[in-house]
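Working notes for the structure below.
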Amino acid sequence: MFRKAAVTTVSNGSYFQGQANGRLPSMESGQPSQEGKVVLKKKVTLLRGISIIIGTIIGAGIFISPKGILKNTGSVGMSLTVWTVCGILSLFGALCYAELGTCIRKSGGHYTYILEAFGPLPAFVRVWVELLIIRPAATAVISLAFGRYILEPFFMQCEIPELAIKLITAVGITLVMVLNSTSVSWSARIQIFLTFCKLVAILIIIVPGVIQLIKGETQHFRNAFAGNDASVRGLPLAFYSGMYAYSGWFYLNFVTEEVENPEKNIPLAICISMIIVTVGYVLTNVAYFTTISAGELLLSKAVAVTFAERLMGNFSLAVPVFVALSCFGSMNGGIFAVSRMFFVASREGHLPEILSMIHVRKHTPLPAVIVLHPLTMIMLFNGDLYSLLNFLSFARWLFIGLVVAGLIYLRYKRPDMPRPFKVPLFIPALFSFTCLFMVALSLYSDPVNTGIGFAITLTGVPAYYLFIVWDKKPKWFRKLVGK
């Protein structure tokens, strides 16, 4: 790998760098930490791990608009099938990450696993795209949903001003950044509370739906597979929407070094979380169809609100609040996890040195957290967020497919690597093939956005050679990039 030796330093008496030569001592290796070193502490228990995964997966989508799958499948029965299959496929991917998380005990998620399997160039490209576009845009989008729904009860009779939405969104983003900069424990505790709120919100939909089924309200399930046939162009887009709704199962792997007893807790947290989310998603969609027809669902801007208004009367005012809390939980979990990717990439010499520093008293990777704040604000007030996400949604699944393919590669390249948790080989083979097949089909289904996203991703290649490989940089250039 191309990296320069990093010297352990103190910055303004507030931060220590993680480790000389870009690496922290393994928390499981028994190597003593050198005196004066500050490391991220193991504060992620099994319950906190479950809350990170569930709290990040369940965002606004299941409450607002699950119509993307219905639109591209053409029937109620086929849409429920896709929801179920996407849950199973996500569980397969999560099991693969469970194996990787127990045999490669470093934080960083996708970045770390690609670095271990395929080397620095593809790993750098992954963190480059995540830092500049994917994470700021994704955070801004979910934050906008938070801003809109937290204001919904105050603007029941009129349209919410866009400026008000963006201002309250900016406050929410700042609050999440401050929380993650201040305390790992408090961030985790709030994540547990918000995950509880998400599950309560889902139960508020599922329980009335089950009551409707008991009453015999099954008219929307008759001839469930009748309707428009799913096209070759539409079906991959339906799976794309479904896999996006389940995405988030990989976030616990971003904080591996902070998980207590990772050999046991990572697989347990992943399996428990995915079973809860899959069952919850499928039952929530079944509940919707007990009250709302397929045509009405496609016309609804917020399915959960429409459902609540029909069955719950005035209590439906609580639904926007639960949606806002759900979005805040996704914001918190995403920032908590992805900041660790930037921390590890800096530790490996792929991002500016300051991002690998830890607050000496709070034990949080504060610079890696706050680096996202200005980028997210730029996206929020100036960017065409949804176009950016469309451009780069394929990149997420391209690299996840590459990570799982790397698991297969490591089985043969490093067969003696300790693997406390090991999945059957057909699971990573099937999942990586599915991811790469979806990426290939997206070139056919949406060549313009996918092509733009591919071009943006490729900018990481010259950036790698400019910032990492090129040794004879002028002094002004080194100062500019913090080297």
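In the structure tokens, chains take the letters A, B, ... in the order shown, each chain's residues start at 1, and ligands count up from 1 in the order shown.
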Give me the residues of segment 84-181 of chain A that have any atom at most 12 Å from an atom of segment 279-286 of chain A; for each, the nearest atom pair and the distance in Å, rounded to one decimal. Use only C-alpha atoms, sort by chain and number, and format it as a Markdown table.
```
| residue | atom | partner | partner_atom | distance |
| --- | --- | --- | --- | --- |
| A:Thr84 | CA | A:Val282 | CA | 6.5 |
| A:Val85 | CA | A:Val282 | CA | 10.2 |
| A:Cys86 | CA | A:Val282 | CA | 10.3 |
| A:Gly87 | CA | A:Val279 | CA | 8.5 |
| A:Ile88 | CA | A:Val279 | CA | 10.4 |
| A:Leu91 | CA | A:Val279 | CA | 11.8 |
```
Deliver the residues from the most recent selection as a file, using all heavy atoms, as a short mmCIF file (atom, residue, chain, number, x, y, z; two decimals), in the first residue's frame.
```
data_model
loop_
_atom_site.label_atom_id
_atom_site.label_comp_id
_atom_site.auth_asym_id
_atom_site.auth_seq_id
_atom_site.Cartn_x
_atom_site.Cartn_y
_atom_site.Cartn_z
N THR A 84 -40.29 -9.92 0.43
CA THR A 84 -39.78 -11.09 1.15
C THR A 84 -38.43 -11.54 0.63
O THR A 84 -37.49 -11.80 1.40
CB THR A 84 -40.80 -12.25 1.05
OG1 THR A 84 -42.08 -11.80 1.50
CG2 THR A 84 -40.35 -13.44 1.87
N VAL A 85 -38.31 -11.61 -0.71
CA VAL A 85 -37.05 -12.06 -1.32
C VAL A 85 -35.92 -11.08 -1.00
O VAL A 85 -34.79 -11.50 -0.70
CB VAL A 85 -37.23 -12.23 -2.84
CG1 VAL A 85 -35.89 -12.49 -3.51
CG2 VAL A 85 -38.19 -13.37 -3.14
N CYS A 86 -36.22 -9.78 -1.04
CA CYS A 86 -35.19 -8.79 -0.71
C CYS A 86 -34.74 -8.93 0.74
O CYS A 86 -33.55 -8.75 1.05
CB CYS A 86 -35.71 -7.38 -0.96
SG CYS A 86 -35.81 -6.94 -2.71
N GLY A 87 -35.67 -9.26 1.64
CA GLY A 87 -35.30 -9.50 3.03
C GLY A 87 -34.38 -10.69 3.18
O GLY A 87 -33.40 -10.65 3.93
N ILE A 88 -34.68 -11.77 2.44
CA ILE A 88 -33.85 -12.98 2.50
C ILE A 88 -32.46 -12.70 1.92
O ILE A 88 -31.43 -13.08 2.49
CB ILE A 88 -34.53 -14.14 1.77
CG1 ILE A 88 -35.82 -14.54 2.51
CG2 ILE A 88 -33.60 -15.34 1.66
CD1 ILE A 88 -36.69 -15.51 1.75
N LEU A 91 -30.49 -10.71 4.31
CA LEU A 91 -30.00 -11.58 5.38
C LEU A 91 -28.76 -12.34 4.92
O LEU A 91 -27.79 -12.47 5.69
CB LEU A 91 -31.10 -12.57 5.80
CG LEU A 91 -30.69 -13.62 6.84
CD1 LEU A 91 -30.24 -12.96 8.14
CD2 LEU A 91 -31.82 -14.60 7.10
#
```
Q: Run DSSP on the backbone and give me the residues of segment 147-224 of chain A it puts in helix (DSSP H, G or I), as a PyMOL selection string.
A: chain A and resi 147-154+162-182+184-214+219-221
Suppose we keep C-alpha atoms; can you now write the selection as a compact mmCIF listing (two decimals), in the first residue's frame?
```txt
# COMPACT_ATOMS: atom_id res chain seq x y z
CA GLY A 147 -37.63 18.18 8.75
CA ARG A 148 -40.83 17.77 6.75
CA TYR A 149 -42.50 15.34 9.14
CA ILE A 150 -41.47 17.09 12.36
CA LEU A 151 -43.25 20.20 11.01
CA GLU A 152 -46.27 18.32 9.65
CA PRO A 153 -48.44 18.65 12.81
CA PHE A 154 -47.95 22.45 12.75
CA GLU A 162 -39.47 24.83 1.88
CA LEU A 163 -37.20 27.24 3.74
CA ALA A 164 -38.69 26.15 7.07
CA ILE A 165 -38.07 22.50 6.17
CA LYS A 166 -34.44 23.18 5.28
CA LEU A 167 -33.82 25.25 8.41
CA ILE A 168 -35.23 22.64 10.79
CA THR A 169 -33.34 19.99 8.78
CA ALA A 170 -30.09 21.91 9.29
CA VAL A 171 -30.79 22.01 13.04
CA GLY A 172 -31.42 18.24 13.04
CA ILE A 173 -28.19 17.51 11.17
CA THR A 174 -26.20 19.73 13.54
CA LEU A 175 -27.78 18.06 16.57
CA VAL A 176 -26.81 14.60 15.30
CA MET A 177 -23.23 15.74 14.62
CA VAL A 178 -22.92 17.26 18.12
CA LEU A 179 -24.36 14.12 19.72
CA ASN A 180 -21.89 11.83 17.92
CA SER A 181 -19.00 14.16 18.71
CA THR A 182 -19.86 14.36 22.41
CA VAL A 184 -20.49 7.30 22.20
CA SER A 185 -22.61 6.11 25.12
CA TRP A 186 -25.29 8.78 24.74
CA SER A 187 -25.40 8.32 20.98
CA ALA A 188 -25.96 4.58 21.52
CA ARG A 189 -28.59 5.13 24.23
CA ILE A 190 -30.57 7.53 22.07
CA GLN A 191 -30.29 5.05 19.20
CA ILE A 192 -31.85 2.35 21.41
CA PHE A 193 -34.73 4.70 22.31
CA LEU A 194 -35.30 5.68 18.67
CA THR A 195 -35.22 2.04 17.58
CA PHE A 196 -37.93 1.33 20.16
CA CYS A 197 -39.96 4.21 18.66
CA LYS A 198 -39.56 2.75 15.16
CA LEU A 199 -40.78 -0.67 16.28
CA VAL A 200 -43.74 0.93 18.09
CA ALA A 201 -44.58 2.84 14.90
CA ILE A 202 -44.52 -0.37 12.86
CA LEU A 203 -46.71 -2.12 15.46
CA ILE A 204 -49.18 0.80 15.27
CA ILE A 205 -49.63 -0.15 11.60
CA ILE A 206 -49.38 -3.95 11.89
CA VAL A 207 -51.85 -4.46 14.76
CA PRO A 208 -54.80 -2.62 13.11
CA GLY A 209 -53.91 -4.46 9.88
CA VAL A 210 -54.15 -7.83 11.62
CA ILE A 211 -57.49 -6.77 13.12
CA GLN A 212 -58.68 -5.87 9.62
CA LEU A 213 -57.66 -9.33 8.38
CA ILE A 214 -59.55 -10.98 11.25
CA GLN A 219 -60.64 -7.89 -0.92
CA HIS A 220 -57.34 -6.35 -2.03
CA PHE A 221 -55.62 -9.75 -1.82
```
Contacts between segment 427-431 of chain A and segment 340-408 of chain A, please, where a residue of segment 340-408 of chain A counts if it comes within 12 Å (with only C-alpha atoms); show its shortest atom pair and distance in Å to one decimal, rows by chain and ascending number, as a Markdown table.
```
| residue | atom | partner | partner_atom | distance |
| --- | --- | --- | --- | --- |
| A:Trp397 | CA | A:Phe431 | CA | 10.5 |
| A:Leu398 | CA | A:Phe431 | CA | 11.6 |
| A:Ile400 | CA | A:Phe431 | CA | 9.4 |
| A:Gly401 | CA | A:Phe431 | CA | 7.2 |
| A:Leu402 | CA | A:Phe431 | CA | 10.3 |
| A:Val403 | CA | A:Pro428 | CA | 9.6 |
| A:Val404 | CA | A:Pro428 | CA | 5.8 |
| A:Ala405 | CA | A:Pro428 | CA | 6.9 |
| A:Gly406 | CA | A:Pro428 | CA | 9.3 |
| A:Leu407 | CA | A:Pro428 | CA | 7.4 |
| A:Ile408 | CA | A:Pro428 | CA | 7.0 |
```
Requested write-out: all heavy atoms of the selected residues, as a PDB file, in the first residue's frame:
```
ATOM      1  N   TRP A 397     -24.136  -0.905  -4.362  1.00  0.00           N
ATOM      2  CA  TRP A 397     -24.284  -2.349  -4.572  1.00  0.00           C
ATOM      3  C   TRP A 397     -23.116  -2.932  -5.352  1.00  0.00           C
ATOM      4  O   TRP A 397     -22.780  -4.095  -5.181  1.00  0.00           O
ATOM      5  CB  TRP A 397     -25.615  -2.642  -5.254  1.00  0.00           C
ATOM      6  CG  TRP A 397     -26.732  -2.226  -4.361  1.00  0.00           C
ATOM      7  CD1 TRP A 397     -27.582  -1.181  -4.512  1.00  0.00           C
ATOM      8  CD2 TRP A 397     -27.065  -2.822  -3.106  1.00  0.00           C
ATOM      9  NE1 TRP A 397     -28.430  -1.088  -3.442  1.00  0.00           N
ATOM     10  CE2 TRP A 397     -28.143  -2.077  -2.565  1.00  0.00           C
ATOM     11  CE3 TRP A 397     -26.571  -3.908  -2.375  1.00  0.00           C
ATOM     12  CZ2 TRP A 397     -28.723  -2.397  -1.333  1.00  0.00           C
ATOM     13  CZ3 TRP A 397     -27.139  -4.212  -1.154  1.00  0.00           C
ATOM     14  CH2 TRP A 397     -28.204  -3.465  -0.644  1.00  0.00           C
ATOM     15  N   LEU A 398     -22.469  -2.115  -6.184  1.00  0.00           N
ATOM     16  CA  LEU A 398     -21.253  -2.574  -6.855  1.00  0.00           C
ATOM     17  C   LEU A 398     -20.181  -2.923  -5.827  1.00  0.00           C
ATOM     18  O   LEU A 398     -19.575  -4.003  -5.873  1.00  0.00           O
ATOM     19  CB  LEU A 398     -20.745  -1.480  -7.806  1.00  0.00           C
ATOM     20  CG  LEU A 398     -19.382  -1.741  -8.451  1.00  0.00           C
ATOM     21  CD1 LEU A 398     -19.431  -2.956  -9.366  1.00  0.00           C
ATOM     22  CD2 LEU A 398     -18.905  -0.509  -9.218  1.00  0.00           C
ATOM     23  N   ILE A 400     -20.605  -3.399  -2.500  1.00  0.00           N
ATOM     24  CA  ILE A 400     -21.037  -4.469  -1.590  1.00  0.00           C
ATOM     25  C   ILE A 400     -20.844  -5.823  -2.260  1.00  0.00           C
ATOM     26  O   ILE A 400     -20.382  -6.790  -1.643  1.00  0.00           O
ATOM     27  CB  ILE A 400     -22.505  -4.255  -1.169  1.00  0.00           C
ATOM     28  CG1 ILE A 400     -22.603  -3.081  -0.201  1.00  0.00           C
ATOM     29  CG2 ILE A 400     -23.067  -5.516  -0.504  1.00  0.00           C
ATOM     30  CD1 ILE A 400     -24.012  -2.716   0.200  1.00  0.00           C
ATOM     31  N   GLY A 401     -21.201  -5.917  -3.550  1.00  0.00           N
ATOM     32  CA  GLY A 401     -20.949  -7.153  -4.297  1.00  0.00           C
ATOM     33  C   GLY A 401     -19.472  -7.481  -4.342  1.00  0.00           C
ATOM     34  O   GLY A 401     -19.075  -8.646  -4.224  1.00  0.00           O
ATOM     35  N   LEU A 402     -18.635  -6.442  -4.477  1.00  0.00           N
ATOM     36  CA  LEU A 402     -17.184  -6.644  -4.502  1.00  0.00           C
ATOM     37  C   LEU A 402     -16.688  -7.136  -3.149  1.00  0.00           C
ATOM     38  O   LEU A 402     -15.819  -8.024  -3.076  1.00  0.00           O
ATOM     39  CB  LEU A 402     -16.505  -5.325  -4.876  1.00  0.00           C
ATOM     40  CG  LEU A 402     -14.993  -5.368  -5.146  1.00  0.00           C
ATOM     41  CD1 LEU A 402     -14.704  -6.238  -6.365  1.00  0.00           C
ATOM     42  CD2 LEU A 402     -14.463  -3.954  -5.372  1.00  0.00           C
ATOM     43  N   VAL A 403     -17.235  -6.588  -2.061  1.00  0.00           N
ATOM     44  CA  VAL A 403     -16.844  -7.026  -0.711  1.00  0.00           C
ATOM     45  C   VAL A 403     -17.142  -8.508  -0.517  1.00  0.00           C
ATOM     46  O   VAL A 403     -16.297  -9.277  -0.025  1.00  0.00           O
ATOM     47  CB  VAL A 403     -17.579  -6.194   0.360  1.00  0.00           C
ATOM     48  CG1 VAL A 403     -17.433  -6.844   1.736  1.00  0.00           C
ATOM     49  CG2 VAL A 403     -17.035  -4.774   0.407  1.00  0.00           C
ATOM     50  N   VAL A 404     -18.352  -8.935  -0.887  1.00  0.00           N
ATOM     51  CA  VAL A 404     -18.745 -10.332  -0.678  1.00  0.00           C
ATOM     52  C   VAL A 404     -17.960 -11.254  -1.603  1.00  0.00           C
ATOM     53  O   VAL A 404     -17.608 -12.378  -1.222  1.00  0.00           O
ATOM     54  CB  VAL A 404     -20.267 -10.495  -0.859  1.00  0.00           C
ATOM     55  CG1 VAL A 404     -20.680 -11.945  -0.693  1.00  0.00           C
ATOM     56  CG2 VAL A 404     -21.013  -9.624   0.165  1.00  0.00           C
ATOM     57  N   ALA A 405     -17.658 -10.779  -2.831  1.00  0.00           N
ATOM     58  CA  ALA A 405     -16.769 -11.551  -3.704  1.00  0.00           C
ATOM     59  C   ALA A 405     -15.383 -11.671  -3.056  1.00  0.00           C
ATOM     60  O   ALA A 405     -14.713 -12.705  -3.178  1.00  0.00           O
ATOM     61  CB  ALA A 405     -16.657 -10.884  -5.077  1.00  0.00           C
ATOM     62  N   GLY A 406     -14.978 -10.617  -2.329  1.00  0.00           N
ATOM     63  CA  GLY A 406     -13.706 -10.659  -1.615  1.00  0.00           C
ATOM     64  C   GLY A 406     -13.695 -11.708  -0.513  1.00  0.00           C
ATOM     65  O   GLY A 406     -12.650 -12.296  -0.219  1.00  0.00           O
ATOM     66  N   LEU A 407     -14.858 -11.956   0.105  1.00  0.00           N
ATOM     67  CA  LEU A 407     -14.945 -13.026   1.107  1.00  0.00           C
ATOM     68  C   LEU A 407     -14.591 -14.370   0.473  1.00  0.00           C
ATOM     69  O   LEU A 407     -13.837 -15.162   1.046  1.00  0.00           O
ATOM     70  CB  LEU A 407     -16.357 -13.061   1.690  1.00  0.00           C
ATOM     71  CG  LEU A 407     -16.650 -14.081   2.798  1.00  0.00           C
ATOM     72  CD1 LEU A 407     -17.748 -13.568   3.716  1.00  0.00           C
ATOM     73  CD2 LEU A 407     -17.086 -15.435   2.231  1.00  0.00           C
ATOM     74  N   ILE A 408     -15.128 -14.625  -0.724  1.00  0.00           N
ATOM     75  CA  ILE A 408     -14.821 -15.877  -1.435  1.00  0.00           C
ATOM     76  C   ILE A 408     -13.329 -15.931  -1.771  1.00  0.00           C
ATOM     77  O   ILE A 408     -12.668 -16.965  -1.594  1.00  0.00           O
ATOM     78  CB  ILE A 408     -15.680 -15.985  -2.715  1.00  0.00           C
ATOM     79  CG1 ILE A 408     -17.173 -15.971  -2.355  1.00  0.00           C
ATOM     80  CG2 ILE A 408     -15.335 -17.249  -3.493  1.00  0.00           C
ATOM     81  CD1 ILE A 408     -18.093 -15.878  -3.562  1.00  0.00           C
TER      82      ILE A 408
END
```
Q | Shortest interatomic distance to Phe381 of chain A - which of A:Leu443, A:Ile114, A:Val127, A:Ala140, counting only C-alpha atoms | A | A:Ala140
Q: Might you pull out every residue within 12 Å of Glu296 of chain A, with only C-alpha atoms counted and same-chain residues fewer than 5 positions away left off, and present them as a ChimeraX atom specification?
A: /A:65,67,70-71,220,288-291,301-303,306-307
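In this model, the gap between atom CA of Pro320 of chain A and atom CA of Arg48 of chain A comes to 25.3 Å.
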**Q.** Pick from A:Phe454, A:Tyr465, A:Trp83, A:Tyr251, whichever lies nearest to Ala395 of chain A using only C-alpha atoms
**A.** A:Phe454
Q.
Please report the interatomic distance between atom CA of Ala238 of chain A and atom CA of Thr56 of chain A in Å with one decimal.
A. 20.9 Å
Q: For Ala123 of chain A, please output as a ChimeraX atom specification all residues within 9 Å (counting only C-alpha atoms; exclusion window: fewer than 6 positions along the same chain).
A: /A:110-116,345,350
Q: Quick one: everything within 9 Å of segment 240-246 of chain A, counting only C-alpha atoms, minus sequence neighbours fewer than 6 positions away in the same chain. Send it as a VMD selection string.
A: chain A and resid 57 to 59 61 to 62 66 68 to 69 82 to 83 85 to 87 89 to 90 274 277 to 278 393 to 394 438 442
(Q) From the options A:Val129, A:Ile468, A:Ala440, A:Met156, which residue's atoms come nearest to Leu237 of chain A, counting only C-alpha atoms? (A) A:Ala440
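The coordinates place atom CA of Ser445 of chain A at 25.7 Å from atom CA of Ala224 of chain A.
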